[in-house]
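**Q** One file: model.txt (compact mmCIF, C-alpha atoms).
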```
# COMPACT_ATOMS: atom_id res chain seq x y z
CA MET A 65 0.00 0.00 0.00
CA SER A 66 1.43 3.37 -1.01
CA ALA A 67 1.47 6.49 1.15
CA GLY A 68 -1.25 8.06 -1.07
CA GLU A 69 -3.55 5.11 -0.63
CA SER A 70 -2.93 5.12 3.12
CA ARG A 71 -3.81 8.83 3.37
CA GLY A 72 -6.92 8.23 1.27
CA HIS A 73 -7.95 5.41 3.55
CA LEU A 74 -7.40 7.60 6.63
CA ARG A 75 -9.37 10.44 5.06
CA GLU A 76 -12.25 8.07 4.25
CA ARG A 77 -12.17 6.73 7.80
CA ARG A 78 -12.26 10.29 9.23
CA ARG A 79 -15.22 11.12 6.98
CA SER A 80 -17.06 8.05 8.22
CA LEU A 81 -16.41 9.04 11.84
CA VAL A 82 -17.59 12.62 11.19
CA VAL A 83 -20.77 11.33 9.52
CA ALA A 84 -21.39 8.94 12.44
CA ALA A 85 -20.88 11.80 14.93
CA CYS A 86 -23.34 13.99 12.98
CA VAL A 87 -25.95 11.23 12.92
CA ALA A 88 -25.51 10.70 16.66
CA ALA A 89 -25.91 14.44 17.27
CA LEU A 90 -29.13 14.47 15.20
CA VAL A 91 -30.54 11.54 17.18
CA ILE A 92 -29.71 13.29 20.46
CA MET A 93 -31.30 16.55 19.25
CA ALA A 94 -34.44 14.72 18.13
CA GLY A 95 -34.65 12.96 21.51
CA VAL A 96 -34.27 16.23 23.42
CA GLN A 97 -36.92 17.88 21.26
CA TYR A 98 -39.32 14.97 21.78
CA LEU A 99 -38.84 15.01 25.54
CA SER A 100 -39.23 18.78 25.75
CA THR A 101 -42.55 18.80 23.83
CA ARG A 102 -44.06 15.85 25.70
CA LYS A 103 -46.47 16.39 28.55
CA PRO A 104 -44.75 15.78 31.89
CA ASP A 105 -46.93 12.78 32.80
CA ALA A 106 -47.42 11.37 29.29
CA GLY A 107 -47.33 7.61 29.41
CA VAL A 108 -47.11 7.56 33.19
CA ARG A 109 -50.16 6.16 34.91
CA THR A 110 -50.94 7.46 38.33
CA PRO A 111 -51.45 4.70 40.84
CA LEU A 112 -55.08 3.97 41.65
CA SER A 113 -56.40 4.35 45.14
CA PRO A 114 -57.47 1.18 46.96
CA GLN A 115 -61.11 2.31 46.56
CA ALA A 116 -60.69 2.71 42.79
CA ARG A 117 -59.07 -0.73 42.51
CA ALA A 118 -61.93 -2.27 44.55
CA TYR A 119 -64.47 -0.49 42.32
CA LEU A 120 -62.78 -1.82 39.15
CA ARG A 121 -62.70 -5.35 40.54
CA SER A 122 -66.38 -5.16 41.54
CA ILE A 123 -67.63 -3.71 38.25
CA ARG A 124 -65.66 -6.27 36.26
CA ASP A 125 -67.05 -9.13 38.37
CA VAL A 126 -70.65 -7.91 38.07
CA ALA A 127 -70.34 -7.34 34.31
CA GLU A 128 -68.60 -10.64 33.55
CA ASN A 129 -70.97 -12.65 35.77
CA SER A 130 -74.04 -11.02 34.20
CA LEU A 131 -72.79 -11.67 30.69
CA ALA A 132 -71.91 -15.29 31.48
CA GLN A 133 -75.35 -15.81 33.06
CA VAL A 134 -77.25 -14.58 29.99
CA GLU A 135 -75.01 -16.70 27.74
CA ALA A 136 -75.73 -19.73 29.95
CA MET A 137 -79.47 -19.03 29.77
CA LEU A 138 -79.35 -18.85 25.97
CA ALA A 139 -77.27 -22.05 25.85
CA ALA A 140 -79.83 -23.84 28.08
CA VAL A 141 -82.61 -22.87 25.68
CA ASP A 142 -80.52 -23.88 22.65
CA ARG A 143 -79.83 -27.34 24.17
CA SER A 144 -83.49 -28.06 24.92
CA VAL A 145 -85.75 -29.83 22.49
CA ARG A 146 -88.79 -28.39 24.23
CA ARG A 147 -89.40 -26.04 27.11
CA THR A 148 -89.34 -28.12 30.29
CA GLY A 149 -89.67 -27.31 33.95
CA GLU A 150 -85.92 -27.74 34.30
CA VAL A 151 -85.22 -25.14 31.61
CA ALA A 152 -87.77 -22.78 33.14
CA ASP A 153 -86.10 -23.20 36.56
CA THR A 154 -82.69 -22.49 35.01
CA LEU A 155 -84.03 -19.34 33.37
CA ASP A 156 -85.75 -18.17 36.57
CA HIS A 157 -82.58 -18.78 38.54
CA GLY A 158 -80.60 -16.81 35.94
CA ILE A 159 -82.96 -13.83 36.20
CA ARG A 160 -82.72 -13.87 40.01
CA ARG A 161 -78.91 -13.86 39.80
CA LEU A 162 -78.99 -10.96 37.34
CA GLU A 163 -81.21 -9.00 39.73
CA ILE A 164 -78.73 -9.60 42.58
CA TRP A 165 -75.81 -8.40 40.43
CA GLN A 166 -77.85 -5.39 39.28
CA ARG A 167 -78.39 -4.40 42.93
CA GLN A 168 -74.65 -4.83 43.58
CA PHE A 169 -73.91 -2.57 40.62
CA VAL A 170 -76.35 0.10 41.81
CA ALA A 171 -74.67 0.04 45.24
CA LEU A 172 -71.24 0.80 43.72
CA SER A 173 -69.94 4.35 44.01
CA PRO A 174 -67.71 5.02 41.04
CA PRO A 175 -64.70 7.33 41.40
CA GLN A 176 -65.21 10.64 39.61
CA ALA A 177 -62.93 9.60 36.72
CA PHE A 178 -65.14 6.58 35.99
CA GLN A 179 -68.59 8.25 35.96
CA THR A 180 -69.16 8.08 32.19
CA GLN A 181 -68.02 4.47 31.92
CA HIS A 182 -70.11 3.55 34.98
CA HIS A 183 -73.28 4.87 33.34
CA GLU A 184 -72.51 3.03 30.09
CA VAL A 185 -71.84 -0.26 31.92
CA GLY A 186 -75.15 0.25 33.78
CA ARG A 187 -76.95 0.69 30.46
CA LEU A 188 -75.33 -2.50 29.12
CA LEU A 189 -76.30 -4.45 32.26
CA THR A 190 -79.89 -3.27 31.79
CA GLU A 191 -79.71 -4.52 28.20
CA LEU A 192 -78.49 -7.90 29.47
CA ARG A 193 -81.46 -8.10 31.85
CA SER A 194 -83.77 -7.24 28.98
CA LEU A 195 -82.22 -10.05 26.91
CA ALA A 196 -82.65 -12.47 29.82
CA HIS A 197 -86.35 -11.59 30.09
CA ALA A 198 -86.72 -11.99 26.32
CA ILE A 199 -85.14 -15.44 26.54
CA ARG A 200 -87.37 -16.37 29.49
CA SER A 201 -90.60 -15.18 27.91
CA SER A 202 -89.88 -16.71 24.51
CA GLN A 203 -92.35 -19.47 23.67
CA THR A 204 -90.11 -21.07 21.07
CA ILE A 205 -87.11 -23.22 21.67
CA GLU A 206 -85.40 -22.44 18.37
CA PRO A 207 -82.18 -20.48 18.77
CA SER A 208 -83.10 -16.85 18.57
CA HIS A 209 -80.74 -15.20 16.10
CA PRO A 210 -81.82 -11.63 16.95
CA VAL A 211 -81.24 -12.32 20.66
CA ARG A 212 -77.86 -13.88 19.89
CA ARG A 213 -76.91 -10.85 17.74
CA ARG A 214 -77.98 -8.44 20.51
CA LEU A 215 -76.00 -10.48 23.02
CA THR A 216 -72.92 -10.33 20.79
CA VAL A 217 -73.24 -6.56 20.45
CA VAL A 218 -73.66 -6.13 24.21
CA HIS A 219 -70.74 -8.49 24.87
CA ASP A 220 -68.43 -6.56 22.55
CA ARG A 221 -69.48 -3.16 23.92
CA LEU A 222 -69.17 -4.34 27.52
CA GLU A 223 -65.70 -5.70 26.84
CA GLN A 224 -64.74 -2.39 25.23
CA MET A 225 -66.05 -0.40 28.22
CA LEU A 226 -64.23 -2.58 30.74
CA ASN A 227 -60.99 -2.22 28.78
CA THR A 228 -61.50 1.55 28.67
CA VAL A 229 -62.01 1.63 32.43
CA ASP A 230 -58.86 -0.48 32.92
CA GLU A 231 -56.86 1.99 30.82
CA LEU A 232 -57.90 5.05 32.86
```
For the file at hand, write its structure as structure tokens.
**A**
Amino acid sequence: MSAGESRGHLRERRRSLVVAACVAALVIMAGVQYLSTRKPDAGVRTPLSPQARAYLRSIRDVAENSLAQVEAMLAAVDRSVRRTGEVADTLDHGIRRLEIWQRQFVALSPPQAFQTQHHEVGRLLTELRSLAHAIRSSQTIEPSHPVRRRLTVVHDRLEQMLNTVDEL
């Protein structure tokens, strides 16, 4: 290797180091700019109070139990060839359980931050009770597609609301 080639190689290496230093400086500048424009608490969740955690646990339990109960009632009707006393007892028991969970929900005091979601979950629980009464009063045993569709919509919306509450 001649002296000219060696100097050329050194010059190329220096250029590469300068370019790398410039790229590093740009990355640092971009990071500083990002951090300076971000809200102070962005991405940081404040810890929930014990009361808020208890509320979230209770509302999730009531909602999930109510949904599972209506699904079980619909499954009992779907499994039956004809309406029997056993199916009627299962449906009556399901409605009584829903009423108990509805009273538990009404007794909950949501934290201020959860007021909107609390009202929406209450509306969805009322819709579940309405579905349960529709299943109970139905004279046919055939699977009710409109009821199943309504149940799917309520299920999806309830899941969405509970996830929203969890994210607050």
**Q** What's the 12 Å shell around His209 (chain A), counting all atoms listed in the file, without same-chain residues fewer than 4 positions away, as a list in words?
**A**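 The contact residues come out as Leu138, Asp142, Ile199, Ile205, Arg213, Arg214, Leu215 and Thr216 of chain A.
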**Q** Tell me, as a list in words, which residues lie within 12 Å of Glu191 (chain A), counting all atoms listed in the file; anything in the same chain fewer than 6 positions away does not count.
**A**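 Within the cut-off, the hits are Ala127, Ser130, Leu131, Val134, Leu162, Gln166, Glu184, Val185, His197, Ala198, Val211, Arg214, Leu215, Thr216, Val217, Val218, His219, Arg221 and Leu222 of chain A.
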**Q** Given the point (-69.2, 7.5, 40.6) in the coordinates of this file, which residues lie within 12 Å, counting all atoms listed in the file, and how would they look as a count of residues only?
**A** 23
**Q** Which one is closest to Glu128 (chain A): A:Leu192, A:Leu155, A:Thr228, A:Ser202? Count all atoms listed in the file.
**A** A:Leu192
**Q** With distances taken over only C-alpha atoms, which of A:His157, A:Arg167, A:Arg71, A:Arg124 is nearest to Thr190 (chain A)?
**A**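 Nearest to Thr190 (chain A): A:Arg167.
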**Q** Take CA of Asp153 (chain A) and CA of Leu188 (chain A) and report the distance between them in Å, one decimal.
**A** 24.5 Å
**Q** What does the distance between CA of Leu189 (chain A) and CA of Glu150 (chain A) come to in Å, to one decimal place?
**A**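 Between these atoms lies a distance of 25.3 Å.
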**Q** Which one of A:Ile164, A:Val126, A:Val141, A:Leu226 sits closest to Ser201 (chain A) if you count all atoms listed in the file?
**A** A:Val141
**Q** Between CA of Ala118 (chain A) and CA of Ala196 (chain A), what is the spacing in Å?
**A** 27.4 Å
